[in-house]
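Reproduced below: protein_1.cif, with mmCIF, C-alpha atoms.
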data_entry
loop_
_atom_site.group_PDB
_atom_site.id
_atom_site.type_symbol
_atom_site.label_atom_id
_atom_site.label_comp_id
_atom_site.auth_asym_id
_atom_site.auth_seq_id
_atom_site.Cartn_x
_atom_site.Cartn_y
_atom_site.Cartn_z
ATOM 1 C CA MET A 1 -21.835 -6.494 -20.145
ATOM 2 C CA ASP A 2 -24.466 -5.284 -17.678
ATOM 3 C CA MET A 3 -23.118 -2.136 -16.025
ATOM 4 C CA SER A 4 -26.426 -0.996 -14.493
ATOM 5 C CA THR A 5 -26.360 -0.186 -10.803
ATOM 6 C CA ASP A 6 -29.920 -1.313 -10.129
ATOM 7 C CA ASN A 7 -28.916 -4.652 -8.644
ATOM 8 C CA LEU A 8 -25.827 -3.500 -6.792
ATOM 9 C CA ASP A 9 -25.991 -3.633 -3.009
ATOM 10 C CA ILE A 10 -24.217 -0.352 -2.362
ATOM 11 C CA MET A 11 -25.186 -0.168 1.317
ATOM 12 C CA GLN A 12 -24.286 -3.762 2.096
ATOM 13 C CA PHE A 13 -21.051 -3.938 0.116
ATOM 14 C CA PHE A 14 -19.553 -0.440 -0.046
ATOM 15 C CA VAL A 15 -20.505 0.886 3.376
ATOM 16 C CA SER A 16 -19.746 -2.352 5.216
ATOM 17 C CA MET A 17 -16.248 -2.572 3.729
ATOM 18 C CA LEU A 18 -15.759 1.180 4.287
ATOM 19 C CA ILE A 19 -16.391 0.648 8.006
ATOM 20 C CA VAL A 20 -14.120 -2.427 8.055
ATOM 21 C CA GLY A 21 -11.377 -0.425 6.313
ATOM 22 C CA ILE A 22 -11.618 2.418 8.834
ATOM 23 C CA GLY A 23 -11.586 -0.076 11.723
ATOM 24 C CA VAL A 24 -8.544 -2.002 10.451
ATOM 25 C CA ALA A 25 -6.603 1.202 9.669
ATOM 26 C CA LEU A 26 -7.338 2.690 13.105
ATOM 27 C CA LEU A 27 -6.439 -0.579 14.844
ATOM 28 C CA ALA A 28 -3.147 -0.950 12.955
ATOM 29 C CA THR A 29 -2.028 2.682 13.308
ATOM 30 C CA GLY A 30 -3.163 2.695 16.948
ATOM 31 C CA MET A 31 -1.092 -0.413 17.717
ATOM 32 C CA PHE A 32 2.032 1.104 16.148
ATOM 33 C CA THR A 33 1.577 4.481 17.845
ATOM 34 C CA ALA A 34 0.794 2.944 21.240
ATOM 35 C CA TYR A 35 3.894 0.714 21.040
ATOM 36 C CA PHE A 36 6.468 3.091 19.522
ATOM 37 C CA GLY A 37 5.062 6.446 20.697
ATOM 38 C CA ALA A 38 5.936 8.258 23.910
ATOM 39 C CA GLY A 39 3.922 10.627 26.147
ATOM 40 C CA LYS A 40 1.071 12.274 24.289
ATOM 41 C CA SER A 41 1.564 10.227 21.118
ATOM 42 C CA GLN A 42 1.254 6.996 23.094
ATOM 43 C CA LYS A 43 -2.036 8.170 24.621
ATOM 44 C CA ILE A 44 -3.345 9.039 21.148
ATOM 45 C CA GLY A 45 -2.262 5.565 20.027
ATOM 46 C CA PHE A 46 -4.297 3.933 22.788
ATOM 47 C CA ALA A 47 -7.308 6.096 21.868
ATOM 48 C CA LEU A 48 -7.038 5.069 18.189
ATOM 49 C CA LEU A 49 -6.637 1.422 19.221
ATOM 50 C CA PHE A 50 -9.738 1.627 21.398
ATOM 51 C CA LEU A 51 -11.732 3.303 18.596
ATOM 52 C CA GLY A 52 -10.618 0.703 16.036
ATOM 53 C CA ALA A 53 -11.499 -2.168 18.399
ATOM 54 C CA ILE A 54 -14.984 -0.705 18.998
ATOM 55 C CA ILE A 55 -15.595 -0.260 15.245
ATOM 56 C CA LEU A 56 -14.486 -3.827 14.476
ATOM 57 C CA ALA A 57 -16.601 -5.182 17.357
ATOM 58 C CA LEU A 58 -19.633 -3.388 15.910
ATOM 59 C CA VAL A 59 -18.830 -4.792 12.448
ATOM 60 C CA ILE A 60 -18.634 -8.323 13.884
ATOM 61 C CA ASP A 61 -21.947 -7.722 15.595
ATOM 62 C CA MET A 62 -23.479 -6.480 12.349
ATOM 63 C CA ALA A 63 -22.103 -9.473 10.455
ATOM 64 C CA PHE A 64 -23.120 -12.211 12.859
ATOM 65 C CA GLY A 65 -25.730 -10.513 15.078
ATOM 66 C CA THR A 66 -24.127 -11.969 18.206
ATOM 67 C CA ILE A 67 -24.103 -8.995 20.606
ATOM 68 C CA ASP A 68 -27.556 -7.523 19.820
ATOM 69 C CA VAL A 69 -26.223 -3.969 20.182
ATOM 70 C CA MET A 70 -27.196 -3.013 16.655
ATOM 71 C CA PRO A 71 -29.852 -4.260 14.254
ATOM 72 C CA ASP A 72 -28.644 -7.207 12.198
ATOM 73 C CA GLN A 73 -28.579 -5.183 8.986
ATOM 74 C CA PHE A 74 -25.677 -6.928 7.275
ATOM 75 C CA ALA A 75 -26.958 -10.448 7.839
ATOM 76 C CA LYS A 76 -29.194 -10.294 4.783
ATOM 77 C CA THR A 77 -28.929 -13.062 2.203
ATOM 78 C CA ASN A 78 -29.045 -12.874 -1.589
ATOM 79 C CA ASP A 79 -31.076 -15.096 -3.936
ATOM 80 C CA ASP A 80 -28.542 -17.920 -3.609
ATOM 81 C CA GLY A 81 -28.809 -17.825 0.179
ATOM 82 C CA ASP A 82 -25.278 -16.453 0.659
ATOM 83 C CA LEU A 83 -24.639 -13.847 3.346
ATOM 84 C CA ILE A 84 -24.190 -10.543 1.488
ATOM 85 C CA PHE A 85 -21.765 -9.109 4.050
ATOM 86 C CA MET A 86 -19.634 -12.234 3.944
ATOM 87 C CA ASN A 87 -19.452 -11.891 0.151
ATOM 88 C CA ALA A 88 -18.281 -8.287 0.560
ATOM 89 C CA LEU A 89 -15.637 -9.338 3.051
ATOM 90 C CA VAL A 90 -14.478 -12.199 0.812
ATOM 91 C CA SER A 91 -14.297 -9.825 -2.195
ATOM 92 C CA GLY A 92 -12.258 -7.199 -0.358
ATOM 93 C CA VAL A 93 -9.864 -9.698 1.210
ATOM 94 C CA SER A 94 -9.336 -11.617 -2.048
ATOM 95 C CA ALA A 95 -8.627 -8.392 -3.972
ATOM 96 C CA LEU A 96 -6.095 -7.338 -1.345
ATOM 97 C CA GLY A 97 -4.602 -10.855 -1.452
ATOM 98 C CA GLY A 98 -4.334 -10.540 -5.241
ATOM 99 C CA MET A 99 -2.529 -7.228 -4.867
ATOM 100 C CA VAL A 100 -0.066 -8.754 -2.401
ATOM 101 C CA ILE A 101 0.566 -11.695 -4.789
ATOM 102 C CA GLY A 102 1.108 -9.225 -7.655
ATOM 103 C CA MET A 103 3.619 -7.270 -5.580
ATOM 104 C CA PHE A 104 5.503 -10.481 -4.720
ATOM 105 C CA VAL A 105 5.613 -11.454 -8.412
ATOM 106 C CA ILE A 106 6.997 -8.001 -9.277
ATOM 107 C CA LEU A 107 9.617 -8.179 -6.523
ATOM 108 C CA PHE A 108 10.628 -11.713 -7.565
ATOM 109 C CA VAL A 109 11.013 -10.718 -11.234
ATOM 110 C CA LEU A 110 12.945 -7.557 -10.355
ATOM 111 C CA MET A 111 15.312 -9.503 -8.115
ATOM 112 C CA LYS A 112 15.845 -12.206 -10.749
ATOM 113 C CA VAL A 113 16.502 -9.716 -13.552
ATOM 114 C CA ASP A 114 20.154 -8.679 -13.616
ATOM 115 C CA THR A 115 19.932 -4.925 -13.076
ATOM 116 C CA VAL A 116 23.723 -4.520 -12.691
ATOM 117 C CA ASP A 117 23.795 -3.307 -16.298
ATOM 118 C CA ASP A 118 22.232 -0.097 -15.011
ATOM 119 C CA LEU A 119 25.658 0.793 -13.605
ATOM 120 C CA GLU A 120 26.929 1.113 -17.172
ATOM 121 C CA ASP A 121 24.827 4.245 -17.453
ATOM 122 C CA LEU A 122 26.928 5.872 -14.723
ATOM 123 C CA ASP A 123 29.956 7.880 -15.813
ATOM 124 C CA LEU A 124 32.743 6.123 -13.938
ATOM 125 C CA GLU A 125 35.595 7.748 -15.884
ATOM 126 C CA ASP A 126 35.841 10.618 -13.421
ATOM 127 C CA LEU A 127 36.284 8.182 -10.563
ATOM 128 C CA GLU A 128 38.976 6.225 -12.414
ATOM 129 C CA ASP A 129 40.987 9.422 -13.011
ATOM 130 C CA LEU A 130 41.084 10.251 -9.314
ATOM 131 C CA ASP A 131 44.443 9.735 -7.613
ATOM 132 C CA LEU A 132 43.513 8.951 -4.028
ATOM 133 C CA ASP A 133 47.034 9.397 -2.583
ATOM 134 C CA GLU A 134 47.267 12.861 -4.105
ATOM 135 C CA GLU A 135 43.854 13.808 -2.743
ATOM 136 C CA LEU A 136 44.857 12.578 0.736
ATOM 137 C CA LYS A 137 48.066 14.633 0.665
ATOM 138 C CA LYS A 138 46.084 17.747 -0.294
ATOM 139 C CA LEU A 139 43.655 17.175 2.569
ATOM 140 C CA GLU A 140 46.508 16.694 5.059
ATOM 141 C CA GLU A 141 48.165 19.914 3.876
ATOM 142 C CA GLU A 142 44.922 21.838 4.273
ATOM 143 C CA LEU A 143 44.455 20.456 7.787
ATOM 144 C CA ASN A 144 48.051 21.309 8.768
ATOM 145 C CA GLN A 145 47.604 24.849 7.457
ATOM 146 C CA ALA A 146 44.411 25.265 9.468
ATOM 147 C CA ASP A 147 46.183 24.003 12.646
ATOM 148 C CA ASN A 148 49.141 26.380 12.097
ATOM 149 C CA ASN A 149 46.773 29.331 11.659
ATOM 150 C CA ASP A 150 44.994 28.463 14.917
ATOM 151 C CA GLU A 151 48.311 28.253 16.808
ATOM 152 C CA GLU A 152 49.459 31.625 15.422
ATOM 153 C CA ASP A 153 46.163 33.224 16.489
ATOM 154 C CA ASN A 154 46.534 31.822 20.028
ATOM 155 C CA ASN A 155 50.145 33.061 20.341
ATOM 156 C CA SER A 156 49.256 36.573 19.200
ATOM 157 C CA GLU A 157 46.381 36.728 21.728
ATOM 158 C CA GLU A 158 48.700 35.613 24.551
ATOM 159 C CA GLU A 159 51.318 38.276 23.628
ATOM 160 C CA LYS A 160 48.630 40.967 23.828
ATOM 161 C CA MET B 161 -20.157 -18.663 -6.180
ATOM 162 C CA ASN B 162 -17.533 -17.689 -3.599
ATOM 163 C CA THR B 163 -14.747 -19.427 -5.522
ATOM 164 C CA GLU B 164 -15.575 -17.469 -8.680
ATOM 165 C CA LEU B 165 -15.669 -14.253 -6.670
ATOM 166 C CA ILE B 166 -12.317 -14.985 -4.987
ATOM 167 C CA ILE B 167 -10.620 -15.789 -8.310
ATOM 168 C CA SER B 168 -12.016 -12.780 -10.172
ATOM 169 C CA MET B 169 -11.285 -10.335 -7.341
ATOM 170 C CA GLY B 170 -7.822 -11.829 -6.877
ATOM 171 C CA LEU B 171 -7.180 -11.254 -10.582
ATOM 172 C CA VAL B 172 -8.369 -7.652 -10.161
ATOM 173 C CA GLY B 173 -5.823 -7.194 -7.367
ATOM 174 C CA VAL B 174 -2.984 -8.673 -9.448
ATOM 175 C CA MET B 175 -4.045 -6.503 -12.415
ATOM 176 C CA LEU B 176 -4.031 -3.313 -10.316
ATOM 177 C CA SER B 177 -0.602 -3.975 -8.824
ATOM 178 C CA MET B 178 0.840 -4.901 -12.254
ATOM 179 C CA LEU B 179 -0.553 -1.729 -13.852
ATOM 180 C CA PHE B 180 0.526 0.704 -11.126
ATOM 181 C CA MET B 181 3.925 -0.847 -10.422
ATOM 182 C CA GLY B 182 4.514 -1.296 -14.163
ATOM 183 C CA LEU B 183 3.817 2.414 -14.709
ATOM 184 C CA LEU B 184 6.213 3.434 -11.935
ATOM 185 C CA ILE B 185 8.981 1.038 -13.027
ATOM 186 C CA ALA B 186 8.614 1.931 -16.722
ATOM 187 C CA TYR B 187 8.827 5.662 -15.886
ATOM 188 C CA TYR B 188 11.586 5.724 -13.265
ATOM 189 C CA GLY B 189 13.566 2.601 -14.249
ATOM 190 C CA SER B 190 16.466 2.530 -16.690
ATOM 191 C CA SER B 191 17.568 0.009 -19.356
ATOM 192 C CA LYS B 192 16.660 -3.551 -18.246
ATOM 193 C CA THR B 193 14.480 -2.465 -15.338
ATOM 194 C CA ARG B 194 12.479 -0.205 -17.643
ATOM 195 C CA ASN B 195 11.894 -3.079 -20.060
ATOM 196 C CA VAL B 196 10.603 -5.209 -17.176
ATOM 197 C CA GLY B 197 8.236 -2.338 -16.277
ATOM 198 C CA PHE B 198 6.813 -2.396 -19.801
ATOM 199 C CA VAL B 199 6.312 -6.169 -19.528
ATOM 200 C CA PHE B 200 4.367 -5.638 -16.272
ATOM 201 C CA LEU B 201 2.232 -3.018 -18.011
ATOM 202 C CA VAL B 202 1.422 -5.411 -20.860
ATOM 203 C CA VAL B 203 0.540 -8.206 -18.387
ATOM 204 C CA GLY B 204 -1.712 -5.794 -16.456
ATOM 205 C CA ALA B 205 -3.434 -4.631 -19.641
ATOM 206 C CA GLY B 206 -3.928 -8.255 -20.708
ATOM 207 C CA LEU B 207 -5.517 -9.110 -17.357
ATOM 208 C CA ALA B 208 -7.773 -6.040 -17.633
ATOM 209 C CA TYR B 209 -8.855 -7.122 -21.123
ATOM 210 C CA TYR B 210 -9.539 -10.659 -19.896
ATOM 211 C CA LEU B 211 -11.600 -9.422 -16.947
ATOM 212 C CA ALA B 212 -13.560 -6.915 -19.049
ATOM 213 C CA GLU B 213 -14.269 -9.066 -22.093
ATOM 214 C CA MET B 214 -13.997 -12.767 -21.291
ATOM 215 C CA GLY B 215 -14.145 -12.901 -17.503
ATOM 216 C CA MET B 216 -17.530 -11.191 -17.405
ATOM 217 C CA ASP B 217 -19.083 -14.068 -19.336
ATOM 218 C CA ALA B 218 -17.658 -16.579 -16.891
ATOM 219 C CA HIS B 219 -18.430 -14.694 -13.677
ATOM 220 C CA PRO B 220 -21.781 -13.163 -12.715
ATOM 221 C CA THR B 221 -21.536 -9.425 -13.486
ATOM 222 C CA VAL B 222 -23.559 -8.172 -10.531
ATOM 223 C CA SER B 223 -21.502 -10.212 -8.065
ATOM 224 C CA PHE B 224 -18.298 -8.966 -9.649
ATOM 225 C CA MET B 225 -19.424 -5.328 -9.519
ATOM 226 C CA ASN B 226 -20.503 -5.827 -5.909
ATOM 227 C CA GLY B 227 -17.041 -7.217 -5.212
ATOM 228 C CA MET B 228 -15.489 -4.135 -6.804
ATOM 229 C CA LEU B 229 -17.724 -1.951 -4.634
ATOM 230 C CA ALA B 230 -16.516 -3.818 -1.554
ATOM 231 C CA PHE B 231 -12.871 -3.488 -2.596
ATOM 232 C CA VAL B 232 -13.134 0.243 -3.353
ATOM 233 C CA GLY B 233 -15.045 0.734 -0.086
ATOM 234 C CA GLY B 234 -12.308 -1.066 1.862
ATOM 235 C CA MET B 235 -9.569 0.988 0.227
ATOM 236 C CA ILE B 236 -11.376 4.293 0.878
ATOM 237 C CA GLY B 237 -12.066 3.201 4.461
ATOM 238 C CA GLY B 238 -8.369 2.474 4.966
ATOM 239 C CA ILE B 239 -7.435 5.888 3.569
ATOM 240 C CA ILE B 240 -9.976 7.595 5.880
ATOM 241 C CA GLY B 241 -8.538 5.691 8.859
ATOM 242 C CA ILE B 242 -4.995 6.812 8.021
ATOM 243 C CA ILE B 243 -6.190 10.420 7.568
ATOM 244 C CA VAL B 244 -7.864 10.249 11.024
ATOM 245 C CA PHE B 245 -4.568 8.959 12.474
ATOM 246 C CA LEU B 246 -2.538 11.709 10.775
ATOM 247 C CA VAL B 247 -4.953 14.443 11.926
ATOM 248 C CA ALA B 248 -4.820 13.138 15.514
ATOM 249 C CA ILE B 249 -1.001 13.002 15.511
ATOM 250 C CA ILE B 250 -0.477 16.375 13.776
ATOM 251 C CA LYS B 251 -3.020 18.216 15.936
ATOM 252 C CA SER B 252 -1.538 16.913 19.216
#
Have the structure of the file written as structure tokens, please.
Amino acid sequence: MDMSTDNLDIMQFFVSMLIVGIGVALLATGMFTAYFGAGKSQKIGFALLFLGAIILALVIDMAFGTIDVMPDQFAKTNDDGDLIFMNALVSGVSALGGMVIGMFVILFVLMKVDTVDDLEDLDLEDLEDLDLDEELKKLEEELNQADNNDEEDNNSEEEK
Amino acid sequence: MNTELIISMGLVGVMLSMLFMGLLIAYYGSSKTRNVGFVFLVVGAGLAYYLAEMGMDAHPTVSFMNGMLAFVGGMIGGIIGIIVFLVAIIKS
């Protein structure tokens, strides 16, 4: 297995996806904060949203060279003639898609597996021994005692 | 070329989620749930073995490593973005 880094396009792949990641994160967090925030937080949300939109616009420009604001540095092609930046984007998105699929598989299996047996680990004997009527009577007595004490205190203050 | 890249990187994503979720479930789960966590761990390890030993022969290594670079870059970029958001919110 060739693990040398001589042929790896670190600038094109790593940095381009780093910028895309920052842009997407800022856009998403900005949208949430601008919608759910209030006052100062909402203003910060709009600022983050604006920043994320600018970053993603620059990335689109770098990928397709449409706006001519920046040099078309990510529009380079490899030996097969494929756009290097597009390969990076496809790699990142497919890996994230794979992670999402994996999570769904895990959730599906966990929901299908009968985990009710876990309740057997709980010690339910204490609960079974509880007499609810007796506990209720005790609570009522405590409350009545507290009320009587309050009334006695009020009467003694009035007499004074 | 792109199809191979999509499949191999998708497998990497599934492998990562199986390994990390398997670890968490195997550690914090109890009885049946814990057993399922161990199964996830084994599936993740099997996928890792396939990608490291057999998948490399099928997929071009440089493209795959470039894909990994892109994935790691995207993840780090996302983390930086969230840190920027947290700093802005906490400092305000």
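CA of Gly45 in chain A is positioned 11.1 Å from CA of Leu246 in chain B.
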The PyMOL selection byres ((chain B and resi 196) around 9) - which residues does that actually catch in the file I just gave you? List them as an mmCIF file with C-alpha atoms, in the frame of the given file.
data_model
loop_
_atom_site.group_PDB
_atom_site.id
_atom_site.type_symbol
_atom_site.label_atom_id
_atom_site.label_comp_id
_atom_site.auth_asym_id
_atom_site.auth_seq_id
_atom_site.Cartn_x
_atom_site.Cartn_y
_atom_site.Cartn_z
ATOM 1 C CA VAL A 109 11.013 -10.718 -11.234
ATOM 2 C CA LEU A 110 12.945 -7.557 -10.355
ATOM 3 C CA VAL A 113 16.502 -9.716 -13.552
ATOM 4 C CA GLY B 182 4.514 -1.296 -14.163
ATOM 5 C CA ILE B 185 8.981 1.038 -13.027
ATOM 6 C CA ALA B 186 8.614 1.931 -16.722
ATOM 7 C CA GLY B 189 13.566 2.601 -14.249
ATOM 8 C CA SER B 191 17.568 0.009 -19.356
ATOM 9 C CA LYS B 192 16.660 -3.551 -18.246
ATOM 10 C CA THR B 193 14.480 -2.465 -15.338
ATOM 11 C CA ARG B 194 12.479 -0.205 -17.643
ATOM 12 C CA ASN B 195 11.894 -3.079 -20.060
ATOM 13 C CA GLY B 197 8.236 -2.338 -16.277
ATOM 14 C CA PHE B 198 6.813 -2.396 -19.801
ATOM 15 C CA VAL B 199 6.312 -6.169 -19.528
ATOM 16 C CA PHE B 200 4.367 -5.638 -16.272
ATOM 17 C CA LEU B 201 2.232 -3.018 -18.011
#
Using only C-alpha atoms and a distance of at most 8 Å, pull out the residues of chain B that contact chain A, as JSON, numbers by chain.
{"B": [162, 165, 166, 167, 169, 170, 171, 172, 173, 174, 175, 176, 177, 178, 181, 190, 191, 192, 193, 196, 200, 216, 221, 222, 225, 226, 227, 228, 229, 230, 231, 232, 233, 234, 235, 236, 237, 238, 239, 240, 241, 242, 244, 245, 248, 249, 252]}
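Between CA of Leu183 in chain B and CA of Ala208 in chain B lies a distance of 14.6 Å.
CA of Leu107 in chain A sits 26.9 Å away from CA of Thr163 in chain B.
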Report, as lines of an AutoDock Vina configuration file, the centre and edge lengths in Å (one decimal) of the axis-aligned box enclosing every listed atom of range 228-238 of chain B, padded by 4 Å on each side.
center_x = -13.0
center_y = 0.1
center_z = -0.9
size_x = 17.4
size_y = 16.4
size_z = 19.8
